[in-house]
Structures are given as structure tokens and as C-alpha cells.
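Peer 1: Got a file for you: query10.pdb, PDB, C-alpha atoms.
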```
ATOM      1  CA  MET A 749       6.452 -27.950   9.778
ATOM      2  CA  GLU A 750       9.290 -28.702   7.398
ATOM      3  CA  LEU A 751       6.933 -28.639   4.404
ATOM      4  CA  ILE A 752       5.035 -25.567   5.621
ATOM      5  CA  MET A 753       8.256 -23.755   6.434
ATOM      6  CA  SER A 754       9.776 -24.451   3.031
ATOM      7  CA  ILE A 755       6.661 -23.308   1.167
ATOM      8  CA  GLN A 756       5.495 -20.382   3.296
ATOM      9  CA  MET A 757       8.797 -19.000   4.459
ATOM     10  CA  GLN A 758       9.861 -17.855   1.029
ATOM     11  CA  GLY A 759       9.545 -14.271  -0.030
ATOM     12  CA  THR A 760       9.230 -10.931   1.695
ATOM     13  CA  PHE A 761       6.565  -9.197   3.763
ATOM     14  CA  ASP A 762       6.010  -5.691   2.386
ATOM     15  CA  ALA A 763       4.383  -3.429   4.988
ATOM     16  CA  ASN A 764       3.302  -1.013   2.273
ATOM     17  CA  GLN A 765       0.788  -3.568   0.993
ATOM     18  CA  PHE A 766      -1.279  -3.662   4.222
ATOM     19  CA  GLU A 767      -3.185  -1.126   6.308
ATOM     20  CA  PRO A 768      -1.601  -0.807   9.754
ATOM     21  CA  LYS A 769      -3.605  -1.995  12.804
ATOM     22  CA  GLN A 770      -2.985  -1.938  16.538
ATOM     23  CA  SER A 771      -1.797  -5.077  18.278
ATOM     24  CA  ALA A 772      -3.379  -6.495  21.414
ATOM     25  CA  GLY A 773      -2.350  -8.969  24.051
ATOM     26  CA  THR A 774       0.882  -8.614  25.973
ATOM     27  CA  ASN A 775       1.759  -9.018  29.641
ATOM     28  CA  HIS A 776       4.068  -6.003  29.634
ATOM     29  CA  PRO A 777       3.386  -3.245  32.224
ATOM     30  CA  VAL A 778       1.137  -0.393  31.121
ATOM     31  CA  GLY A 779       2.856   2.820  30.026
ATOM     32  CA  ARG A 780       4.890   4.438  27.263
ATOM     33  CA  PHE A 781       8.400   3.084  26.775
ATOM     34  CA  PRO A 782      11.271   3.209  24.300
ATOM     35  CA  PHE A 783      11.929  -0.242  22.856
ATOM     36  CA  ASP A 784      14.515  -2.220  20.949
ATOM     37  CA  ILE A 785      13.555  -5.254  18.897
ATOM     38  CA  THR A 786      15.941  -7.782  20.347
ATOM     39  CA  ASP A 787      14.857 -10.934  18.551
ATOM     40  CA  THR A 788      12.642 -12.257  15.776
ATOM     41  CA  SER A 789      11.805 -15.839  14.908
ATOM     42  CA  ILE A 790       9.241 -18.050  13.243
ATOM     43  CA  GLU A 791       7.543 -20.714  15.326
ATOM     44  CA  GLU A 792       5.183 -23.508  14.444
ATOM     45  CA  ASN A 793       1.705 -23.510  15.999
ATOM     46  CA  LYS A 794       0.659 -26.335  18.318
ATOM     47  CA  ASN A 795      -1.412 -28.057  15.599
ATOM     48  CA  LYS A 796       1.605 -28.021  13.272
ATOM     49  CA  ASP A 797      -0.505 -26.579  10.458
ATOM     50  CA  GLY A 798       0.674 -22.974  10.557
ATOM     51  CA  GLY A 799       2.942 -20.634  12.441
ATOM     52  CA  PHE A 800       3.695 -17.323  14.088
ATOM     53  CA  PHE A 801       6.190 -14.575  13.423
ATOM     54  CA  MET A 802       7.559 -13.783  16.892
ATOM     55  CA  VAL A 803       8.977 -10.352  17.769
ATOM     56  CA  GLU A 804      10.682  -9.660  21.088
ATOM     57  CA  PHE A 805      10.566  -6.062  22.346
ATOM     58  CA  THR A 806      12.889  -5.039  25.170
ATOM     59  CA  THR A 807      11.984  -1.938  27.168
ATOM     60  CA  PRO A 808      13.257  -0.448  30.447
ATOM     61  CA  ALA A 809      10.236  -2.123  32.104
ATOM     62  CA  GLY A 810      10.840  -5.607  30.721
ATOM     63  CA  VAL A 811      10.363  -7.805  27.694
ATOM     64  CA  ALA A 812       7.216  -8.242  25.610
ATOM     65  CA  VAL A 813       6.854 -10.872  22.910
ATOM     66  CA  MET A 814       4.264 -10.386  20.206
ATOM     67  CA  ARG A 815       3.026 -13.301  18.105
ATOM     68  CA  TYR A 816       1.911 -12.371  14.600
ATOM     69  CA  ASN A 817      -0.365 -15.126  13.251
ATOM     70  CA  MET A 818       1.007 -14.938   9.706
ATOM     71  CA  TRP A 819       0.392 -18.546   8.654
ATOM     72  CA  ASN A 820      -3.099 -19.659   9.585
ATOM     73  CA  LYS A 821      -6.043 -21.367   7.881
ATOM     74  CA  SER A 822      -8.227 -18.415   8.847
ATOM     75  CA  GLU A 823      -7.936 -15.590   6.323
ATOM     76  CA  GLN A 824      -9.209 -13.161   8.959
ATOM     77  CA  ALA A 825      -6.440 -14.138  11.398
ATOM     78  CA  VAL A 826      -3.815 -13.622   8.690
ATOM     79  CA  ASN A 827      -5.314 -10.259   7.693
ATOM     80  CA  ILE A 828      -5.181  -9.053  11.299
ATOM     81  CA  ALA A 829      -1.564 -10.198  11.649
ATOM     82  CA  GLN A 830      -0.567  -8.508   8.385
ATOM     83  CA  GLY A 831      -2.066  -5.209   9.566
ATOM     84  CA  GLN A 832      -0.356  -5.459  12.943
ATOM     85  CA  LEU A 833       3.013  -6.267  11.406
ATOM     86  CA  SER A 834       2.547  -3.447   8.893
ATOM     87  CA  ALA A 835       2.007  -1.011  11.788
ATOM     88  CA  LEU A 836       5.210  -2.208  13.463
ATOM     89  CA  CYS A 837       7.230  -1.960  10.251
ATOM     90  CA  ARG A 838       6.000   1.591   9.652
ATOM     91  CA  ALA A 839       6.759   2.584  13.255
ATOM     92  CA  VAL A 840      10.397   1.472  12.961
ATOM     93  CA  GLY A 841      10.919   2.468   9.325
ATOM     94  CA  ARG A 842      11.748  -1.027   8.067
ATOM     95  CA  PHE A 843       9.234  -2.011   5.443
ATOM     96  CA  GLN A 844      10.656  -5.279   4.080
ATOM     97  CA  VAL A 845      10.795  -8.446   6.191
ATOM     98  CA  ARG A 846      12.334 -11.544   4.628
ATOM     99  CA  TRP A 847      11.025 -14.850   5.929
ATOM    100  CA  GLU A 848      14.134 -16.760   4.849
ATOM    101  CA  ASP A 849      16.175 -15.073   7.624
ATOM    102  CA  GLN A 850      13.271 -15.043  10.117
ATOM    103  CA  GLY A 851      12.743 -11.302   9.942
ATOM    104  CA  ALA A 852      16.308 -10.301  10.791
ATOM    105  CA  ALA A 853      15.743  -6.857   9.224
ATOM    106  CA  LEU A 854      13.678  -5.870  12.273
ATOM    107  CA  ARG A 855      16.330  -6.832  14.835
ATOM    108  CA  GLY A 856      17.930  -3.778  16.381
ATOM    109  CA  ALA A 857      15.074  -1.487  15.328
ATOM    110  CA  LYS A 858      14.019   1.087  17.904
ATOM    111  CA  GLY A 859      10.810   2.908  18.633
ATOM    112  CA  MET A 860       8.274   3.910  21.253
ATOM    113  CA  ILE A 861       5.634   1.539  22.528
ATOM    114  CA  GLU A 862       2.494   2.532  24.382
ATOM    115  CA  ILE A 863       0.697  -0.175  26.300
ATOM    116  CA  LYS A 864      -2.766   0.557  27.675
ATOM    117  CA  LYS A 865      -5.404  -1.442  29.442
ATOM    118  CA  LYS A 866      -8.432  -1.929  27.239
ATOM    119  CA  LYS A 867     -11.794  -2.996  28.609
ATOM    120  CA  TYR A 868     -13.675  -5.707  26.756
ATOM    121  CA  ALA A 869     -17.388  -6.422  26.907
ATOM    122  CA  GLN A 870     -17.039  -9.179  29.503
ATOM    123  CA  THR A 871     -14.997  -6.973  31.885
ATOM    124  CA  GLN A 872     -11.735  -8.561  30.854
ATOM    125  CA  ASN A 873      -8.659  -6.347  30.776
ATOM    126  CA  LYS A 874      -6.126  -6.883  28.036
ATOM    127  CA  SER A 875      -3.002  -4.921  27.204
ATOM    128  CA  LEU A 876      -3.062  -2.973  23.979
ATOM    129  CA  LEU A 877       0.040  -2.105  21.963
ATOM    130  CA  GLU A 878      -0.093   1.128  20.011
TER     131      GLU A 878
END
```
I'd like the structure from this file rewritten - as C-alpha cells, please.

Peer 2:
Amino acid sequence: MELIMSIQMQGTFDANQFEPKQSAGTNHPVGRFPFDITDTSIEENKNKDGGFFMVEFTTPAGVAVMRYNMWNKSEQAVNIAQGQLSALCRAVGRFQVRWEDQGAALRGAKGMIEIKKKKYAQTQNKSLLE
């Protein structure tokens, strides 16, 4: 990932350039909670051909980690991740995220998180971040 990291980790994510979208998929308990962003990092994917922007949310009910699929071969996956990260940035009022410092601008940000159960067509339940 050295090559990918050096090429893709330059620059800044600007939330104003993307429409916000809800995030899905966390194991956090359902409910509405205040949160602090306690950590951010960039991690390589298992195929070593892309990576995730990781954001750790700490709430009174526990910790939730969201993986934003920012570096992926699939344009659709990247578009979804950009919208989800844009929604987070808008919610906490921090619109610029620099990749060089692994998104440090988001650390310490506070907000409210609402996690609901969402039914999918095949009767699967999945948490939904709003």
C-alpha cells in the first residue's frame, strides 16, 4: 500500500463537493446518542489495492467504527463513501479532511448519532446511522 498511500493520500476531502448520504452498517446499539469522534485512520483493504477511511465514534452506549470506502476500484463504492463522509463532515461542522494526517481534523468533533434497525428485502436487519 506504500505506492497507493503516497499517491492517494495527498490532498483534502471537501465535504461541500458531495451530496450527503446516510451511512449503514454498525454493531452499535439502536438509539440516539451524543458522540465524540475519538480516532481516525486510513487502512489498507485486504486485497491491498485500495483502502478505507476509518472513523471511531464513542457514545455512552459504546464504540462504533465506520469504514468509508474512499479508495476503491468501483466508482459507485467511492461515490457512496464520499456522500457518507460529506454527511458526517456537515453534521460536525468540519468540512475539510486532510489525508496526509489521516483525517485528524475530525478528531474531537462532537454530534448526535441516531442508529436504527432497517429491514432489507431478505429480512436481514442492519443498523443505520443517520

Peer 1: Skip A:Thr786 itself and residues of its chain fewer than 5 positions away, then list as an mmCIF file with C-alpha atoms, in the coordinates of the input all residues within 7 Å of it, counting only C-alpha atoms.

Peer 2:
```cif
data_model
loop_
_atom_site.group_PDB
_atom_site.id
_atom_site.type_symbol
_atom_site.label_atom_id
_atom_site.label_comp_id
_atom_site.auth_asym_id
_atom_site.auth_seq_id
_atom_site.Cartn_x
_atom_site.Cartn_y
_atom_site.Cartn_z
ATOM 1 C CA GLU A 804 10.682 -9.660 21.088
ATOM 2 C CA PHE A 805 10.566 -6.062 22.346
ATOM 3 C CA THR A 806 12.889 -5.039 25.170
ATOM 4 C CA ARG A 855 16.330 -6.832 14.835
ATOM 5 C CA GLY A 856 17.930 -3.778 16.381
#
```

Peer 1: Tell me, as a PyMOL selection string, which residues lie within 12 Å of A:Ile785, counting only C-alpha atoms; anything in the same chain fewer than 3 positions away does not count.

Peer 2: chain A and resi 782+788-789+802-807+811-814+836-837+839-840+842+851-861

Peer 1: Atom CA of A:Asn817 and atom CA of A:Arg780, how far apart in Å?

Peer 2: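 Result for atom CA of A:Arg780 versus atom CA of A:Asn817: 24.6 Å, one decimal.
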
Peer 1: Decode the PyMOL selection byres ((chain A and resi 827) around 12) for the given file into explicit residues and return them as a list in words.

Peer 2: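 With the PyMOL selection byres ((chain A and resi 827) around 12) on this model, the match is Gln765, Phe766, Glu767, Pro768, Lys769, Tyr816, Asn817, Met818, Trp819, Asn820, Lys821, Ser822, Glu823, Gln824, Ala825, Val826, Ile828, Ala829, Gln830, Gly831, Gln832, Leu833 and Ser834 of chain A.
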
Peer 1: For the atom pair atom CA of A:Phe761 and atom CA of A:Gln844, what is the interatomic distance in Å to one decimal place?

Peer 2: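 Rounded to one decimal, the two atoms are 5.7 Å apart.
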
Peer 1: To one decimal in Å, tell me the separation between atom CA of A:Arg846 and atom CA of A:Gly759.

Peer 2: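 Spanning atom CA of A:Arg846 to atom CA of A:Gly759 is a straight-line distance of 6.1 Å.
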
Peer 1: Using all atoms listed in the file, find the one residue out of A:Asp784, A:Asn764, A:Gln850, A:Ala835 that sits nearest to A:Phe800.

Peer 2: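 That would be A:Gln850, the residue with the smallest distance to A:Phe800.
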
Peer 1: Identify which of the residues A:Asp797, A:Pro808, A:Lys864, A:Glu848 lies closest to A:Phe781, counting all atoms listed in the file when measuring atom-to-atom distances.

Peer 2: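 Closest residue, counting all atoms listed in the file: A:Pro808.
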
Peer 1: When distances are computed from all atoms listed in the file, which of A:His776, A:Arg815, A:Arg838, A:Lys865 shows the smallest separation from A:Asn793?

Peer 2: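 Of the candidates, the smallest distance to A:Asn793 is held by A:Arg815.
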